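Enquirer: If you scroll down you'll find the structure; I have some questions about it.
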There are 2 protein chains.
Amino acid sequence: MGDPARANMLTSLMGGQALSASELAEVAGVAAATASGHLVQLLDGGLLAVEKQGRHRYYRLAGPDVAIAIETLMDLAQRSRRLQVRPGPRDPEMRRARVCYDHLAGECAVAFFARLTRLKLIALDDGAVAITSRGERRFAEFGIDIAALKSAKRPVCRTCLDWSERRSHLAGALGARLLDRLFELGWARRAEGSRIVRFTPLGETGFAKLFD
Amino acid sequence: MGDPARANMLTSLMGGQALSASELAEVAGVAAATASGHLVQLLDGGLLAVEKQGRHRYYRLAGPDVAIAIETLMDLAQRSRRLQVRPGPRDPEMRRARVCYDHLAGECAVAFFARLTRLKLIALDDGAVAITSRGERRFAEFGIDIAALKSAKRPVCRTCLDWSERRSHLAGALGARLLDRLFELGWARRAEGSRIVRFTPLGETGFAKLFD
DNA sequence: GGAATGCTTCGGGCTTTGCCGAAGCATCGG
DNA sequence: CCGATGCTTCGGCAAAGCCCGAAGCATTCC
């Protein structure tokens with residue numbers, strides 16, 4: 001995972017969608033032959049899964065555990081401020097709100113994370129993040145049952161470094177459930193064939209003021 | 001983090017205790033000079049923190065976030081069944097049985113530790129390890145006086161992550177005394193100018209069946 | 001003070017590994 | 001069929017990085 005080419009491949013797969021070998025070669029900035037070698041390694045290491053479709057081969061992350069590991073590493077890399085310059089998404093909509101694996105990312109997500117922190121609904125403790133009891137109450141009012149999330153193996157709260165913003169947003173079980181809830185309420189929906197998340201006018205204002 | 005030597009250093013620091021540069025060189029299986037280079041890298045990457053104490057330099061993980069990241073990666077590695085980062089020491093004899101500071105390490109030691117656990121001669125409790133009363137009796141029969149060990153300042157039982165096996169073996173006062181006893185009985189002797197421990201035929205079978 | 005110990009820096013050997021172009025399979029379209 | 005496209009494998013090359021012994025500081029012990 002440490003090699004720059006492989007790291008770029010993995011991060012670009014964090015959106016959850018599968019990418020073809022040539023697309024991955026592109027994002028990694030290497031020739032097709034080189035990329036193919038890297039992909040074999042990642043496949044071999046159980047980090048990726050592949051799907052043949054005609055003459056294309058689509059690669060995706062092998063599972064949520066891989067996504068979590070990458071998230072964790074990106075978070076760590078950020079903290080030691082050694083992250084390479086990475087061109088953010090050009091598309092303004094993409095920068096605004098998008099799906100990151102199974103949770104919300106982009107400006108909206110970063111702002112929301114900052115708000116949670118400011119209101120002490122989550123507590124940051126030297127790298128770890130946890131929900132506070134006040135947070136549990138407020139999320140319950142919003143229709144998210146924290147107790148149910150706690151029973152899962154997955155950590156409830158996790159930080160994830162935002163690709164475009166370079167600041168943390170909320171991941172983990174709660175991050176995933178939150179995005180679900182936004183869809184449930186009709187506050188937002190996912191754009192067809194893209195990672196972009198589009199808010200409805202109602203959702204836009206609702207989410208911007210949530211918990212405030 | 002991907003380099004085997006660095007990975008070994010990091011995993012052996014997962015216990016939370018600080019280790020000196022030479023101890024880390026030992027667990028990594030490299031010369032002091034090489035280890036020093038690795039430590040600079042890890043320090044530089046913000047993964048480790050260092051504390052000077054006299055002529056020693058004690059290294060520890062920089063923070064809980066680093067520990068979390070390592071844990072996550074180890075978890076992932078386990079799941080993809082690719083844990084064998086390295087065959088450990090190249091020499092098969094070295095892999096089989098060697099000295100680790102003052103106690104036994106290698107396949108033999110790991111297997112023995114597993115047996116002690118299975119027979120409930122020692123009890124693992126959330127990272128800590130202690131000898132049971134049954135264990136005390138059995139060790140006494142083998143010629144090791146636990147009471148004497150208890151009077152020393154040093155902890156009687158400690159776990160130590162095995163370099164080649166990546167599983168725990170027995171360290172602490174008891175681990176050291178055990179190795180002594182093997183030498184006393186003539187069951188094993190140390191190879192000249194090397195860390196390798198060679199069992200005699202008698203010792204081989206005796207140790208393999210000990211306590212069983 | 002001098003010797004011993006712990007650790008780092010330096011210089012050079014050597015393996016590993018990433019990289020690419022060219023060639024080889026496989027699939028699709030005509 | 002044939003050629004075009006997507007991807008992988010092969011061979012060779014160059015850079016990166018790991019490794020060690022020796023020498024150099026720093027600290028402690030006698």
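Each chain of the structure tokens is named A, B, ... in the order shown, its residues numbered from 1; ligands are numbered from 1 in display order.
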Which residues of chain B are close to chain D, meaning at most 7 Å apart when you count only C-alpha atoms (C1' of nucleotides), and how do they look as a list in words?
Expert: Thr34, Gly54 and Arg55 of chain B
Enquirer: Check which residues of chain A sit at most 12 Å from chain C using only C-alpha atoms (C1' of nucleotides), and return one row each with the closest pair of atoms and their distance in Å to one decimal, ordered by chain and rising number, as a Markdown table.
Expert:
```
| residue | atom | partner | partner_atom | distance |
| --- | --- | --- | --- | --- |
| A:Asp3 | CA | C:DG18 | C1' | 9.2 |
| A:Pro4 | CA | C:DG18 | C1' | 10.5 |
| A:Ala5 | CA | C:DG18 | C1' | 9.6 |
| A:Arg6 | CA | C:DG18 | C1' | 11.2 |
| A:Gly29 | CA | C:DC19 | C1' | 11.4 |
| A:Val30 | CA | C:DC19 | C1' | 8.2 |
| A:Ala31 | CA | C:DC20 | C1' | 7.2 |
| A:Ala32 | CA | C:DC20 | C1' | 9.4 |
| A:Ala33 | CA | C:DC20 | C1' | 7.7 |
| A:Thr34 | CA | C:DC19 | C1' | 6.6 |
| A:Ala35 | CA | C:DC19 | C1' | 10.0 |
| A:Ser36 | CA | C:DC19 | C1' | 11.9 |
| A:Gly37 | CA | C:DG18 | C1' | 9.6 |
| A:His38 | CA | C:DG18 | C1' | 9.5 |
| A:Lys52 | CA | C:DT27 | C1' | 10.9 |
| A:Gln53 | CA | C:DT27 | C1' | 9.7 |
| A:Gly54 | CA | C:DT27 | C1' | 6.2 |
| A:Arg55 | CA | C:DT27 | C1' | 5.0 |
| A:His56 | CA | C:DT27 | C1' | 8.7 |
| A:Arg57 | CA | C:DT27 | C1' | 11.4 |
```
Enquirer: Within range 2-183 of chain B, find each residue whose DSSP state, derived from the backbone, is strand (DSSP E), and express the selection as a PyMOL selection string.
Expert: chain B and resi 19-20+48-53+56-61+98-100+103-105+122-125+128-131+158-161+168-171
Enquirer: Give me, as a Markdown table, each residue of chain B that comes within 6 Å of chain A, together with its shortest interatomic pair and the distance in Å at one decimal, counting only C-alpha atoms, with rows ordered by chain and rising residue number.
Expert:
```
| residue | atom | partner | partner_atom | distance |
| --- | --- | --- | --- | --- |
| B:Gly46 | CA | A:Ser80 | CA | 5.3 |
| B:Asp65 | CA | A:Gly127 | CA | 4.9 |
| B:Ala69 | CA | A:Thr72 | CA | 5.7 |
| B:Thr72 | CA | A:Ala69 | CA | 5.7 |
| B:Ser80 | CA | A:Gly46 | CA | 5.2 |
```
Enquirer: Generate the output file for the selected residues, C-alpha atoms, as a PDB file, in the first residue's frame.
Expert:
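Dumped to selection.pdb:
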```pdb
ATOM      1  CA  GLY B  46       5.516  11.159  13.117  1.00  0.00           C
ATOM      2  CA  ASP B  65      -3.894   7.181  16.524  1.00  0.00           C
ATOM      3  CA  ALA B  69      -3.644   2.507  12.471  1.00  0.00           C
ATOM      4  CA  THR B  72      -6.252  -1.801  11.697  1.00  0.00           C
ATOM      5  CA  SER B  80      -6.222 -11.467   3.857  1.00  0.00           C
TER       6      SER B  80
END
```
Enquirer: Quick one: residues within 9 Å of range 93-108 of chain A, only C-alpha atoms (C1' of nucleotides), excluding same-chain residues fewer than 6 positions away - as a PyMOL selection string?
Expert: chain A and resi 13-17+64+67+160-165+169-180+190+194-199+207-208
Enquirer: What would the file look like if the residues just selected were written as a PDB file, in the first residue's frame with C-alpha atoms?
Expert:
```pdb
ATOM      1  CA  LEU A  13     -11.361   3.589  -5.317  1.00  0.00           C
ATOM      2  CA  MET A  14     -12.552   4.955  -1.986  1.00  0.00           C
ATOM      3  CA  GLY A  15     -15.684   6.203  -3.718  1.00  0.00           C
ATOM      4  CA  GLY A  16     -16.885   2.640  -3.715  1.00  0.00           C
ATOM      5  CA  GLN A  17     -17.263   2.405  -7.440  1.00  0.00           C
ATOM      6  CA  PRO A  64     -15.260  -2.366   3.953  1.00  0.00           C
ATOM      7  CA  ALA A  67     -11.751   1.009   3.093  1.00  0.00           C
ATOM      8  CA  CYS A 160     -11.903  10.224   7.389  1.00  0.00           C
ATOM      9  CA  LEU A 161      -9.660  12.665   5.644  1.00  0.00           C
ATOM     10  CA  ASP A 162     -11.558  14.584   3.020  1.00  0.00           C
ATOM     11  CA  TRP A 163      -9.977  14.191  -0.361  1.00  0.00           C
ATOM     12  CA  SER A 164     -10.710  17.726  -1.573  1.00  0.00           C
ATOM     13  CA  GLU A 165     -10.796  19.605   1.692  1.00  0.00           C
ATOM     14  CA  HIS A 169     -15.236  14.366   7.992  1.00  0.00           C
ATOM     15  CA  LEU A 170     -17.359  11.793   9.728  1.00  0.00           C
ATOM     16  CA  ALA A 171     -17.054   8.129   8.799  1.00  0.00           C
ATOM     17  CA  GLY A 172     -17.705   4.867  10.605  1.00  0.00           C
ATOM     18  CA  ALA A 173     -21.108   3.362  11.283  1.00  0.00           C
ATOM     19  CA  LEU A 174     -22.565   6.720  12.199  1.00  0.00           C
ATOM     20  CA  GLY A 175     -21.256   8.353   9.033  1.00  0.00           C
ATOM     21  CA  ALA A 176     -22.835   5.635   6.947  1.00  0.00           C
ATOM     22  CA  ARG A 177     -26.128   5.781   8.812  1.00  0.00           C
ATOM     23  CA  LEU A 178     -26.246   9.543   8.477  1.00  0.00           C
ATOM     24  CA  LEU A 179     -26.010   9.382   4.703  1.00  0.00           C
ATOM     25  CA  ASP A 180     -28.731   6.740   4.669  1.00  0.00           C
ATOM     26  CA  ARG A 190     -27.237  10.363  -5.401  1.00  0.00           C
ATOM     27  CA  SER A 194     -21.460   9.485 -10.313  1.00  0.00           C
ATOM     28  CA  ARG A 195     -20.357   9.976  -6.760  1.00  0.00           C
ATOM     29  CA  ILE A 196     -22.019  13.392  -6.599  1.00  0.00           C
ATOM     30  CA  VAL A 197     -24.697  13.886  -3.951  1.00  0.00           C
ATOM     31  CA  ARG A 198     -27.368  16.476  -4.761  1.00  0.00           C
ATOM     32  CA  PHE A 199     -29.332  18.100  -1.965  1.00  0.00           C
ATOM     33  CA  PHE A 207     -28.799  19.834   6.798  1.00  0.00           C
ATOM     34  CA  ALA A 208     -27.064  23.197   7.083  1.00  0.00           C
TER      35      ALA A 208
END
```
Enquirer: What parts of range 69-148 of chain A does DSSP call alpha helix (DSSP H)? I'd like the answer as a VMD selection string.
Expert: chain A and resid 69 to 79 92 to 96 107 to 118 133 to 141 146 to 148
Enquirer: I need the residues from that last selection saved to file as a short mmCIF file (atom, residue, chain, number, x, y, z; two decimals), in the first residue's frame (with N, CA and C atoms), if you can.
Expert:
```
data_model
loop_
_atom_site.label_atom_id
_atom_site.label_comp_id
_atom_site.auth_asym_id
_atom_site.auth_seq_id
_atom_site.Cartn_x
_atom_site.Cartn_y
_atom_site.Cartn_z
N ALA A 69 -9.19 0.64 6.60
CA ALA A 69 -7.74 0.71 6.77
C ALA A 69 -7.18 1.90 6.00
N ILE A 70 -7.65 2.12 4.81
CA ILE A 70 -7.16 3.23 4.00
C ILE A 70 -7.53 4.55 4.67
N GLU A 71 -8.77 4.64 5.11
CA GLU A 71 -9.22 5.82 5.84
C GLU A 71 -8.28 6.14 6.99
N THR A 72 -8.02 5.11 7.77
CA THR A 72 -7.17 5.28 8.95
C THR A 72 -5.79 5.79 8.57
N LEU A 73 -5.25 5.20 7.52
CA LEU A 73 -3.91 5.60 7.11
C LEU A 73 -3.89 7.04 6.59
N MET A 74 -4.92 7.39 5.84
CA MET A 74 -4.97 8.75 5.31
C MET A 74 -5.05 9.75 6.45
N ASP A 75 -5.82 9.36 7.42
CA ASP A 75 -5.98 10.20 8.60
C ASP A 75 -4.63 10.39 9.30
N LEU A 76 -3.93 9.31 9.43
CA LEU A 76 -2.63 9.34 10.10
C LEU A 76 -1.64 10.19 9.30
N ALA A 77 -1.66 10.00 7.99
CA ALA A 77 -0.75 10.73 7.12
C ALA A 77 -1.00 12.23 7.24
N GLN A 78 -2.26 12.58 7.31
CA GLN A 78 -2.62 13.98 7.43
C GLN A 78 -2.04 14.57 8.71
N ARG A 79 -2.16 13.81 9.76
CA ARG A 79 -1.74 14.30 11.05
C ARG A 79 -0.24 14.59 11.08
N PRO A 92 -17.29 21.41 -9.33
CA PRO A 92 -17.73 22.08 -8.09
C PRO A 92 -18.76 21.26 -7.32
N GLU A 93 -19.64 20.59 -8.05
CA GLU A 93 -20.65 19.77 -7.37
C GLU A 93 -19.98 18.64 -6.61
N MET A 94 -18.97 18.09 -7.23
CA MET A 94 -18.21 16.99 -6.62
C MET A 94 -17.52 17.48 -5.36
N ARG A 95 -17.03 18.68 -5.42
CA ARG A 95 -16.30 19.22 -4.29
C ARG A 95 -17.26 19.52 -3.14
N ARG A 96 -18.46 19.85 -3.52
CA ARG A 96 -19.48 20.25 -2.54
C ARG A 96 -19.97 19.06 -1.71
N GLU A 107 -17.27 19.53 0.96
CA GLU A 107 -17.39 20.71 1.82
C GLU A 107 -18.48 20.53 2.87
N CYS A 108 -19.63 20.06 2.43
CA CYS A 108 -20.76 19.86 3.34
C CYS A 108 -20.37 18.97 4.52
N ALA A 109 -19.69 17.89 4.19
CA ALA A 109 -19.35 16.91 5.22
C ALA A 109 -18.32 17.46 6.19
N VAL A 110 -17.36 18.21 5.66
CA VAL A 110 -16.33 18.79 6.51
C VAL A 110 -16.93 19.83 7.44
N ALA A 111 -17.83 20.66 6.88
CA ALA A 111 -18.49 21.68 7.70
C ALA A 111 -19.33 21.01 8.80
N PHE A 112 -20.02 19.95 8.43
CA PHE A 112 -20.86 19.25 9.39
C PHE A 112 -20.02 18.65 10.51
N PHE A 113 -18.89 18.11 10.15
CA PHE A 113 -17.99 17.53 11.15
C PHE A 113 -17.50 18.61 12.11
N ALA A 114 -17.17 19.76 11.57
CA ALA A 114 -16.71 20.87 12.41
C ALA A 114 -17.82 21.29 13.37
N ARG A 115 -19.07 21.28 12.88
CA ARG A 115 -20.19 21.68 13.72
C ARG A 115 -20.39 20.68 14.85
N LEU A 116 -20.30 19.41 14.52
CA LEU A 116 -20.45 18.37 15.55
C LEU A 116 -19.43 18.58 16.67
N THR A 117 -18.24 18.94 16.25
CA THR A 117 -17.18 19.16 17.23
C THR A 117 -17.46 20.39 18.08
N ARG A 118 -17.85 21.46 17.41
CA ARG A 118 -18.10 22.71 18.11
C ARG A 118 -19.22 22.55 19.14
N SER A 133 -22.71 11.87 25.10
CA SER A 133 -24.08 11.50 25.45
C SER A 133 -25.05 12.53 24.88
N ARG A 134 -24.63 13.76 24.85
CA ARG A 134 -25.49 14.78 24.24
C ARG A 134 -25.66 14.47 22.75
N GLY A 135 -24.58 14.05 22.13
CA GLY A 135 -24.64 13.67 20.72
C GLY A 135 -25.63 12.55 20.49
N GLU A 136 -25.60 11.57 21.40
CA GLU A 136 -26.52 10.44 21.24
C GLU A 136 -27.97 10.92 21.25
N ARG A 137 -28.27 11.85 22.16
CA ARG A 137 -29.64 12.36 22.25
C ARG A 137 -30.05 13.08 20.97
N ARG A 138 -29.16 13.96 20.49
CA ARG A 138 -29.51 14.74 19.31
C ARG A 138 -29.67 13.87 18.07
N PHE A 139 -28.79 12.88 17.95
CA PHE A 139 -28.91 11.99 16.79
C PHE A 139 -30.19 11.17 16.88
N ALA A 140 -30.57 10.79 18.11
CA ALA A 140 -31.81 10.05 18.29
C ALA A 140 -33.00 10.87 17.83
N GLU A 141 -32.99 12.14 18.18
CA GLU A 141 -34.06 13.04 17.73
C GLU A 141 -34.13 13.10 16.20
N ILE A 146 -28.28 5.32 18.08
CA ILE A 146 -26.86 5.04 18.30
C ILE A 146 -26.65 3.65 18.91
N ALA A 147 -27.57 3.29 19.79
CA ALA A 147 -27.42 1.99 20.46
C ALA A 147 -27.33 0.87 19.44
N ALA A 148 -28.16 0.97 18.40
CA ALA A 148 -28.15 -0.06 17.35
C ALA A 148 -26.79 -0.09 16.65
#
```
Enquirer: In Å to one decimal, how far is CA of Leu42 in chain A from CA of Ala28 in chain A?
Expert: 13.5 Å
Enquirer: Between CA of Met9 in chain B and CA of Leu24 in chain B, what is the distance in Å, rounded to a tenth?
Expert: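 Atom-to-atom, CA of Met9 in chain B to CA of Leu24 in chain B, that is 5.7 Å.
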Enquirer: How far is it from CA of Glu51 in chain B to CA of Leu39 in chain B, in Å with one decimal?
Expert: 12.7 Å
